[in-house]
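Have a look at my_file.cif below; it lists mmCIF, C-alpha atoms.
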data_work
loop_
_atom_site.label_atom_id
_atom_site.label_comp_id
_atom_site.auth_asym_id
_atom_site.auth_seq_id
_atom_site.Cartn_x
_atom_site.Cartn_y
_atom_site.Cartn_z
CA MET A 1 0.00 0.00 0.00
CA ARG A 2 1.38 3.36 -1.01
CA PRO A 3 1.81 5.94 1.77
CA PRO A 4 -0.37 9.06 1.59
CA SER A 5 1.06 12.19 0.01
CA VAL A 6 2.84 14.60 2.30
CA ASP A 7 0.75 17.49 1.03
CA ALA A 8 -2.54 15.70 1.67
CA VAL A 9 -1.58 14.88 5.25
CA ALA A 10 -0.35 18.43 5.84
CA ARG A 11 -3.61 19.93 4.61
CA GLU A 12 -5.55 17.81 7.08
CA LEU A 13 -3.60 19.53 9.86
CA ALA A 14 -4.60 23.09 8.94
CA ASP A 15 -6.65 23.49 12.13
CA VAL A 16 -3.52 23.05 14.30
CA GLY A 17 -2.71 26.68 13.54
CA LEU A 18 0.86 26.36 12.26
CA PRO A 19 2.22 27.73 8.97
CA HIS A 20 1.92 25.20 6.13
CA PRO A 21 5.70 24.54 5.82
CA LEU A 22 5.78 23.36 9.44
CA LEU A 23 2.76 21.11 8.86
CA VAL A 24 4.60 19.65 5.88
CA ASP A 25 7.58 18.91 8.15
CA ALA A 26 5.32 17.10 10.63
CA ALA A 27 3.61 15.13 7.86
CA ARG A 28 6.91 14.16 6.23
CA ALA A 29 8.38 12.98 9.55
CA ALA A 30 5.28 10.92 10.35
CA ILE A 31 5.23 9.26 6.92
CA ALA A 32 8.98 8.55 7.06
CA ALA A 33 8.44 6.85 10.43
CA GLY A 34 5.77 4.63 8.89
CA ASP A 35 3.06 6.18 11.05
CA PRO A 36 1.11 8.82 9.10
CA ASP A 37 -1.48 9.00 11.88
CA SER A 38 1.16 10.52 14.19
CA ALA A 39 1.38 13.67 12.06
CA ARG A 40 -1.20 15.52 14.15
CA THR A 41 0.54 14.68 17.41
CA ARG A 42 3.86 15.80 15.93
CA ALA A 43 2.35 19.09 14.75
CA GLU A 44 0.67 19.76 18.11
CA ASP A 45 3.92 19.00 19.93
CA LEU A 46 5.70 21.51 17.71
CA ARG A 47 3.06 24.16 18.43
CA ARG A 48 3.37 23.55 22.19
CA ASP A 49 7.13 24.00 21.98
CA LEU A 50 6.84 27.51 20.56
CA LEU A 51 7.43 30.44 22.91
CA ARG A 52 4.08 31.31 24.53
CA PRO A 53 2.58 32.50 27.82
CA VAL A 54 2.36 30.12 30.77
CA VAL A 55 0.92 30.49 34.27
CA ASN A 56 3.62 30.19 36.92
CA ALA A 57 2.14 28.49 39.99
CA THR A 58 5.48 27.17 41.27
CA GLY A 59 6.07 29.81 43.92
CA VAL A 60 9.41 30.68 42.34
CA LEU A 61 9.15 34.39 41.58
CA LEU A 62 12.19 34.62 39.32
CA HIS A 63 11.91 31.24 37.64
CA THR A 64 14.81 31.07 35.18
CA ASN A 65 13.08 28.45 33.00
CA LEU A 66 9.97 30.64 32.81
CA GLY A 67 11.75 33.87 31.85
CA ARG A 68 12.56 35.19 35.34
CA ALA A 69 10.81 38.48 36.15
CA PRO A 70 7.44 38.88 34.44
CA ILE A 71 7.33 42.15 32.55
CA ALA A 72 4.32 44.19 31.48
CA HIS A 73 5.33 45.90 28.27
CA ALA A 74 3.80 46.29 24.85
CA GLN A 75 4.85 48.47 21.94
CA VAL A 76 2.83 49.45 18.90
CA PRO A 77 4.47 48.87 15.49
CA THR A 78 6.24 52.18 15.12
CA TYR A 79 9.66 53.74 14.79
CA THR A 80 11.37 55.12 17.89
CA ASN A 81 14.09 57.67 18.54
CA LEU A 82 16.46 54.83 19.47
CA GLU A 83 19.57 56.59 18.13
CA PHE A 84 18.13 59.91 17.02
CA ASP A 85 18.23 63.26 18.79
CA VAL A 86 14.88 64.90 18.04
CA THR A 87 16.17 68.26 19.27
CA THR A 88 19.19 68.54 16.99
CA GLY A 89 18.03 66.24 14.21
CA ARG A 90 21.32 64.37 14.43
CA ARG A 91 22.31 60.89 15.44
CA GLY A 92 21.82 60.21 19.14
CA SER A 93 22.88 57.48 21.56
CA ARG A 94 20.85 54.48 22.59
CA GLY A 95 22.55 54.70 25.98
CA ARG A 96 20.97 57.98 27.01
CA ASN A 97 17.50 56.75 27.91
CA ALA A 98 17.14 53.61 30.04
CA ALA A 99 20.76 53.72 31.21
CA THR A 100 20.55 57.36 32.30
CA LEU A 101 17.32 56.72 34.20
CA LEU A 102 18.78 53.67 35.96
CA ALA A 103 21.86 55.67 36.94
CA ARG A 104 19.61 58.34 38.45
CA ALA A 105 17.55 55.76 40.34
CA ALA A 106 20.66 54.02 41.68
CA GLY A 107 22.67 57.11 42.57
CA ALA A 108 25.37 56.32 40.00
CA GLU A 109 27.29 58.87 37.92
CA ALA A 110 26.59 56.89 34.75
CA ALA A 111 25.29 53.56 33.51
CA LEU A 112 25.44 51.34 30.44
CA VAL A 113 23.02 48.59 29.39
CA VAL A 114 24.08 45.34 27.69
CA ASN A 115 22.18 42.18 26.90
CA ASN A 116 22.61 40.20 30.16
CA GLY A 117 24.42 40.10 33.47
CA ALA A 118 27.29 37.88 32.30
CA ALA A 119 27.89 40.27 29.40
CA ALA A 120 28.17 43.16 31.85
CA VAL A 121 30.94 41.37 33.78
CA LEU A 122 32.70 40.37 30.57
CA LEU A 123 32.65 43.92 29.21
CA VAL A 124 33.92 45.51 32.43
CA LEU A 125 36.84 43.08 32.63
CA ALA A 126 37.71 43.43 28.94
CA ALA A 127 37.52 47.22 28.97
CA LEU A 128 39.20 47.90 32.32
CA ALA A 129 41.55 44.97 32.90
CA ARG A 130 42.62 43.26 29.68
CA ASP A 131 46.17 41.82 30.04
CA ARG A 132 46.22 42.99 33.66
CA ASP A 133 45.63 41.40 37.07
CA VAL A 134 42.22 41.21 38.74
CA VAL A 135 42.14 40.18 42.40
CA VAL A 136 39.25 37.89 43.45
CA SER A 137 38.55 35.94 46.64
CA ARG A 138 38.57 32.16 46.18
CA GLY A 139 35.23 32.08 47.95
CA GLU A 140 33.70 34.17 45.14
CA LEU A 141 34.87 32.16 42.12
CA VAL A 142 31.33 31.00 41.55
CA GLU A 143 29.50 29.02 38.91
CA ILE A 144 25.84 29.85 38.32
CA GLY A 145 23.18 28.37 36.05
CA GLY A 146 24.07 27.70 32.44
CA GLY A 147 27.73 27.07 33.25
CA PHE A 148 28.66 30.72 33.88
CA ARG A 149 31.97 30.55 35.75
CA VAL A 150 33.82 33.64 36.89
CA PRO A 151 37.30 32.26 36.04
CA GLU A 152 36.23 31.33 32.51
CA VAL A 153 34.60 34.69 31.85
CA MET A 154 37.77 36.35 33.10
CA THR A 155 39.85 34.27 30.68
CA GLN A 156 37.63 35.29 27.77
CA SER A 157 37.98 38.95 28.76
CA GLY A 158 41.78 38.79 28.62
CA ALA A 159 42.17 39.70 32.30
CA ARG A 160 44.50 37.68 34.55
CA LEU A 161 42.94 36.10 37.62
CA VAL A 162 44.73 36.52 40.94
CA GLU A 163 43.11 34.35 43.61
CA VAL A 164 43.33 35.35 47.27
CA GLY A 165 42.17 33.87 50.56
CA THR A 166 40.51 30.48 50.91
CA THR A 167 37.12 29.07 50.04
CA ASN A 168 35.61 30.06 53.39
CA ARG A 169 37.81 32.90 54.69
CA THR A 170 39.33 35.93 52.98
CA HIS A 171 40.77 38.94 54.81
CA ARG A 172 41.68 42.48 53.80
CA ARG A 173 45.35 41.66 54.16
CA ASP A 174 44.95 39.04 51.42
CA TYR A 175 43.77 41.71 49.00
CA GLU A 176 46.45 44.16 50.17
CA ARG A 177 49.21 41.64 49.62
CA ALA A 178 47.96 40.75 46.13
CA VAL A 179 47.68 44.38 45.04
CA ARG A 180 51.06 45.26 46.51
CA THR A 181 52.94 42.35 44.93
CA SER A 182 51.22 42.52 41.54
CA SER A 183 53.18 44.27 38.83
CA ASP A 184 50.00 45.41 37.10
CA ALA A 185 46.84 45.13 39.23
CA ALA A 186 43.84 46.70 37.50
CA LEU A 187 40.87 45.87 39.72
CA VAL A 188 39.59 44.15 42.80
CA LEU A 189 36.49 42.16 41.84
CA LYS A 190 33.87 41.12 44.37
CA VAL A 191 31.23 38.64 43.23
CA HIS A 192 28.00 38.36 45.19
CA GLN A 193 27.33 34.75 46.19
CA SER A 194 23.86 35.06 44.78
CA ASN A 195 22.92 31.39 44.39
CA TYR A 196 24.53 29.77 47.44
CA ARG A 197 25.69 30.43 50.99
CA ILE A 198 28.83 29.43 52.88
CA VAL A 199 28.07 29.18 56.60
CA GLY A 200 30.09 28.38 59.69
CA PHE A 201 33.74 29.41 60.04
CA THR A 202 33.72 32.16 57.41
CA ALA A 203 35.11 35.62 56.78
CA ALA A 204 34.64 38.07 53.91
CA VAL A 205 35.70 41.64 53.29
CA ASP A 206 33.16 44.44 52.99
CA VAL A 207 33.35 46.78 50.01
CA ARG A 208 34.04 49.74 52.29
CA GLU A 209 37.14 48.01 53.64
CA LEU A 210 38.56 47.59 50.13
CA THR A 211 38.19 51.16 48.92
CA GLY A 212 41.50 52.20 50.48
CA LEU A 213 43.44 50.02 48.04
CA ASP A 214 45.12 51.60 45.05
CA VAL A 215 42.80 50.03 42.45
CA PRO A 216 39.08 50.42 41.70
CA VAL A 217 36.68 47.97 43.33
CA VAL A 218 34.18 46.36 40.94
CA VAL A 219 31.23 44.48 42.45
CA ASP A 220 29.05 42.01 40.56
CA LEU A 221 25.80 42.17 42.51
CA GLY A 222 24.01 39.80 40.17
CA SER A 223 20.49 39.99 41.58
CA GLY A 224 20.07 43.73 41.03
CA LEU A 225 18.31 45.10 44.10
CA LEU A 226 18.38 48.82 43.31
CA ASP A 227 18.10 50.32 46.80
CA ALA A 228 18.03 48.57 50.17
CA ALA A 229 15.51 51.15 51.43
CA THR A 230 13.00 50.09 48.72
CA PRO A 231 11.40 53.56 48.51
CA TRP A 232 9.05 52.20 45.81
CA LEU A 233 7.29 50.05 48.44
CA LEU A 234 4.86 51.75 50.81
CA GLY A 235 5.65 49.37 53.65
CA GLY A 236 9.41 49.59 53.26
CA PRO A 237 11.70 46.63 52.67
CA PRO A 238 10.22 43.19 53.44
CA SER A 239 12.07 41.11 56.01
CA TRP A 240 13.33 38.59 53.47
CA LEU A 241 15.45 41.33 51.85
CA ALA A 242 17.32 42.12 55.06
CA HIS A 243 20.80 40.95 54.01
CA GLU A 244 20.66 41.45 50.26
CA PRO A 245 23.28 43.96 49.00
CA ALA A 246 21.89 46.77 46.86
CA VAL A 247 23.29 48.90 44.06
CA ARG A 248 22.89 52.30 45.69
CA GLN A 249 24.43 51.27 49.01
CA THR A 250 27.30 49.41 47.32
CA LEU A 251 28.19 52.53 45.35
CA GLU A 252 27.89 54.67 48.47
CA ALA A 253 30.27 52.27 50.22
CA GLY A 254 32.91 53.12 47.63
CA ALA A 255 32.57 50.65 44.77
CA ALA A 256 33.77 52.21 41.51
CA VAL A 257 31.51 50.06 39.34
CA VAL A 258 28.70 47.60 39.95
CA THR A 259 27.16 45.15 37.52
CA PHE A 260 23.74 43.53 37.86
CA SER A 261 20.95 41.81 35.94
CA GLY A 262 17.81 43.48 34.67
CA ASP A 263 15.48 40.49 35.01
CA LYS A 264 16.02 39.56 38.65
CA LEU A 265 15.17 41.80 41.62
CA LEU A 266 15.09 44.81 39.30
CA GLY A 267 11.97 43.25 37.79
CA GLY A 268 12.66 44.23 34.18
CA PRO A 269 13.59 42.46 30.94
CA GLN A 270 16.72 40.38 30.43
CA ALA A 271 19.61 42.83 30.42
CA GLY A 272 22.88 43.58 32.15
CA VAL A 273 23.70 46.95 33.70
CA VAL A 274 27.10 48.54 34.35
CA ALA A 275 26.81 51.49 36.74
CA GLY A 276 29.25 53.68 38.62
CA ARG A 277 32.03 56.17 37.93
CA ALA A 278 31.46 58.04 34.68
CA ASP A 279 35.01 57.58 33.36
CA LEU A 280 34.94 53.82 33.88
CA VAL A 281 31.47 53.42 32.40
CA GLU A 282 32.56 55.50 29.40
CA ALA A 283 35.59 53.24 28.93
CA CYS A 284 33.22 50.26 28.81
CA ALA A 285 30.93 52.03 26.33
CA ALA A 286 33.88 52.80 24.06
CA HIS A 287 35.12 49.20 23.97
CA PRO A 288 34.40 47.24 20.73
CA LEU A 289 32.55 44.55 22.70
CA ALA A 290 29.93 47.11 23.77
CA ARG A 291 28.45 47.13 20.28
CA ALA A 292 28.34 43.33 20.11
CA LEU A 293 26.64 43.14 23.52
CA ARG A 294 24.14 45.97 23.18
CA PRO A 295 20.40 45.24 23.52
CA GLY A 296 17.70 46.17 21.03
CA ALA A 297 14.93 48.74 21.14
CA LEU A 298 12.32 46.44 22.70
CA VAL A 299 14.55 45.62 25.69
CA LEU A 300 15.57 49.23 26.17
CA SER A 301 11.97 50.40 25.98
CA ALA A 302 10.85 47.87 28.61
CA LEU A 303 13.82 48.74 30.81
CA GLN A 304 13.03 52.44 30.46
CA GLU A 305 9.49 51.83 31.72
CA THR A 306 10.89 49.84 34.65
CA ALA A 307 13.32 52.65 35.53
CA LEU A 308 10.55 55.26 35.33
CA ALA A 309 8.45 53.20 37.74
CA TYR A 310 11.32 53.23 40.24
CA LEU A 311 11.75 56.99 39.88
CA ARG A 312 8.01 57.43 40.46
CA ARG A 313 8.34 55.12 43.48
CA ASP A 314 5.57 53.01 42.00
CA GLY A 315 6.31 49.43 42.99
CA ASP A 316 2.86 48.30 41.89
CA ALA A 317 3.84 49.07 38.29
CA ILE A 318 6.54 46.38 38.47
CA PRO A 319 4.89 42.92 38.42
CA PHE A 320 7.68 41.25 40.41
CA TRP A 321 7.30 43.62 43.37
CA ARG A 322 3.53 43.53 43.15
CA MET A 323 3.57 39.72 43.45
CA ALA A 324 6.40 39.51 45.97
CA THR A 325 4.76 41.81 48.51
CA LEU A 326 1.15 40.62 48.46
CA PRO A 327 -0.04 39.88 52.02
CA VAL A 328 -0.53 36.18 52.70
CA ASP A 329 -4.15 36.68 53.82
CA ARG A 330 -5.02 38.02 50.36
CA LEU A 331 -3.43 34.95 48.79
CA ARG A 332 -5.49 32.71 51.08
CA ARG A 333 -8.70 34.50 50.08
CA ARG A 334 -7.85 33.99 46.42
CA ALA A 335 -7.13 30.31 47.06
CA GLU A 336 -10.51 29.91 48.77
CA ALA A 337 -12.24 31.68 45.88
CA LEU A 338 -10.88 29.11 43.42
CA GLY A 339 -13.30 26.60 44.92
CA VAL A 340 -11.05 23.63 44.21
CA GLY A 341 -8.38 21.83 46.17
CA ALA A 342 -7.36 22.35 49.77
CA VAL A 343 -6.19 25.80 50.82
CA VAL A 344 -2.66 25.53 52.23
CA ASP A 345 0.12 27.75 53.46
CA THR A 346 3.17 27.46 51.23
CA VAL A 347 6.67 28.86 50.98
CA ALA A 348 7.71 30.87 47.93
CA ILE A 349 11.28 31.77 47.00
CA ALA A 350 12.85 34.52 44.94
CA GLY A 351 14.68 32.16 42.57
CA GLY A 352 16.86 33.25 39.66
CA GLY A 353 20.00 32.97 41.78
CA SER A 354 18.69 35.54 44.25
CA LEU A 355 18.25 35.29 48.03
CA PRO A 356 19.23 31.60 48.41
CA GLY A 357 17.91 29.88 51.50
CA LEU A 358 15.39 32.63 52.26
CA ASP A 359 11.69 31.81 52.33
CA ILE A 360 8.75 34.06 51.50
CA PRO A 361 5.49 33.11 53.26
CA SER A 362 2.75 32.34 50.76
CA ALA A 363 -0.48 30.41 50.18
CA GLY A 364 -2.16 28.36 47.49
CA VAL A 365 -4.02 25.11 46.94
CA ALA A 366 -3.03 21.45 47.15
CA LEU A 367 -4.40 18.58 45.07
CA ASP A 368 -4.08 14.86 45.71
CA GLY A 369 -1.54 13.07 43.56
CA ASP A 370 0.81 14.41 40.90
CA VAL A 371 -1.31 16.13 38.25
CA THR A 372 1.45 18.44 37.01
CA PRO A 373 1.54 16.79 33.54
CA LYS A 374 -2.19 17.45 33.08
CA LEU A 375 -1.81 21.04 34.21
CA ARG A 376 1.02 21.55 31.72
CA ALA A 377 -1.21 20.17 28.96
CA HIS A 378 -3.78 22.90 29.59
CA ASP A 379 -3.93 25.89 27.24
CA PRO A 380 -2.28 28.03 28.52
CA PRO A 381 -0.05 25.64 30.46
CA VAL A 382 -0.18 25.93 34.26
CA ILE A 383 3.19 25.10 35.81
CA ALA A 384 2.96 23.75 39.37
CA ARG A 385 5.13 21.53 41.56
CA ALA A 386 4.68 18.02 42.95
CA GLN A 387 5.60 17.33 46.55
CA GLU A 388 4.96 14.22 48.68
CA ASP A 389 2.30 12.81 46.33
CA ARG A 390 0.52 16.14 46.19
CA THR A 391 0.41 18.93 43.65
CA LEU A 392 0.96 22.42 45.03
CA LEU A 393 -0.13 25.56 43.22
CA ASP A 394 1.37 28.65 44.86
CA LEU A 395 -0.65 31.79 44.13
CA ARG A 396 2.14 34.26 44.95
CA THR A 397 3.46 33.79 41.43
CA VAL A 398 0.04 33.80 39.74
CA ASP A 399 -1.36 37.09 38.49
CA PRO A 400 -4.87 37.51 39.97
CA ALA A 401 -6.19 37.88 36.41
CA ASP A 402 -5.10 34.26 35.81
CA ASP A 403 -7.00 32.80 38.77
CA PRO A 404 -9.91 31.70 36.50
CA VAL A 405 -7.37 29.98 34.22
CA VAL A 406 -5.95 28.10 37.20
CA ALA A 407 -9.40 27.09 38.42
CA LYS A 408 -10.39 25.83 34.97
CA ALA A 409 -7.15 23.86 34.58
CA ILE A 410 -7.65 22.22 37.98
CA HIS A 411 -11.29 21.31 37.20
CA GLU A 412 -10.23 19.68 33.93
CA CYS A 413 -7.59 17.49 35.51
CA THR A 414 -9.34 16.34 38.70
#
Write the structure described by the file as structure tokens, please.
Amino acid sequence: MRPPSVDAVARELADVGLPHPLLVDAARAAIAAGDPDSARTRAEDLRRDLLRPVVNATGVLLHTNLGRAPIAHAQVPTYTNLEFDVTTGRRGSRGRNAATLLARAAGAEAALVVNNGAAAVLLVLAALARDRDVVVSRGELVEIGGGFRVPEVMTQSGARLVEVGTTNRTHRRDYERAVRTSSDAALVLKVHQSNYRIVGFTAAVDVRELTGLDVPVVVDLGSGLLDAATPWLLGGPPSWLAHEPAVRQTLEAGAAVVTFSGDKLLGGPQAGVVAGRADLVEACAAHPLARALRPGALVLSALQETALAYLRRDGDAIPFWRMATLPVDRLRRRAEALGVGAVVDTVAIAGGGSLPGLDIPSAGVALDGDVTPKLRAHDPPVIARAQEDRTLLDLRTVDPADDPVVAKAIHECT
């Protein structure tokens, strides 16, 4: 028996909603496998794999696999003054908008935006320390998700790593000795241990203690808390932020440059920010890598809106802060209103390599058994977590507008 034609099978899949060439691919693969009837499943699997919205009910606020901070930004199809000065009619700089606003909000002389946090570290090292020594504590030679390792990034930048101290204890004298004996020390680099903690017999050196050395201090803060005072929150800083270093306070302590991510505690799009002394930031902006690492107009526009919200002190305009600071009693009321499952107290976390080991009280619903696969099959997918033969849906990470979606998904799978 002759197999059906690829085109005929593809046309039967038109209701899947994919462009015809992709339906042809699914049909061809199914026929080649000797199972033409699998073409629809293959096409639907392809459609599910496309980038699309999901409901995050995991309780992980900055879920790396789900895009970290949720952002609320839309742009109509139009041109922008990305690199155009409307006053003079001449070419402008894409660095004058979002970066300038972030510098103002953080108390920095200047700032520069690149496409992610690792790129910010790479650019600073390449621009300020290529072929020169950079002093780093052994306890801060971290690896984070995706294989990002500080020593390897330093190698790619052309800077020479000088390790000081031990894994658990580093003292000021260790830095002093390294700077004094180096023939060409360019920087001291401090890396925030953003995704782990060393406890017990430990010692680390505060930024303020390092500013008396003869080289600039660069601090990679990673998680990007803008100001420890959180003036954008009416109730002040929540307790779970108590020991998180912030950009403004790190600069005030004497750091010459800080780097941080845009899509973590800043609550914006994926980006990396270099902020600090104007001469050092300008040196980074003038480096050839800056052009290769620069973000596009959509990222800069979303980051500009995020920065404006901080300057307005409007935390409610930033979805991350709105979700992170909801009172638990309001989450419980929402869980009760779902009308399904058992209302339970839960524990949310920041995630995204931020605030490791710190819990955020939360609430949600629990279902018997592991129904996470069924929830993921819903349209849109609802992502929950299984724990001790139960499924937990944490409402701290669910936008209230999505509560009906969650309720419908639960009804369909129980």
### Task
With a distance cut-off of 12 Å and only C-alpha atoms, select the neighbouring residues of Arg2 of chain A, excluding the residue or stretch itself and same-chain residues fewer than 3 positions from it, and output the selection as a PyMOL selection string.
chain A and resi 5-6+31+34+36
#### Entry: Residues matched by the PyMOL selection byres ((chain A and resi 44) around 10), written as a ChimeraX atom specification
/A:13,16-18,23,26,39-43,45-49
### Query
Any idea what the distance is between atom CA of Ala246 of chain A and atom CA of Ala106 of chain A?
9.0 Å
### Message
I'd like to see the residues matched by the PyMOL selection byres ((chain A and resi 277) around 12) on this file, and ideally I'd get them as a PyMOL selection string.
### Response
chain A and resi 103+107-112+216-218+251-252+254-258+274-276+278-284
### Query
For Ala127 of chain A, which residue out of A:Ala98, A:Leu233, A:Leu308, A:Ala290 is the nearest one, using all atoms listed in the file?
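Of the candidates, the smallest distance to Ala127 of chain A is held by A:Ala290.
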### Query
Quick one: which residues end up in the PyMOL selection byres ((chain A and resi 266) around 9) for this structure, as a PyMOL selection string?
chain A and resi 69+223-226+260-265+267-269+306-307+318+320-321
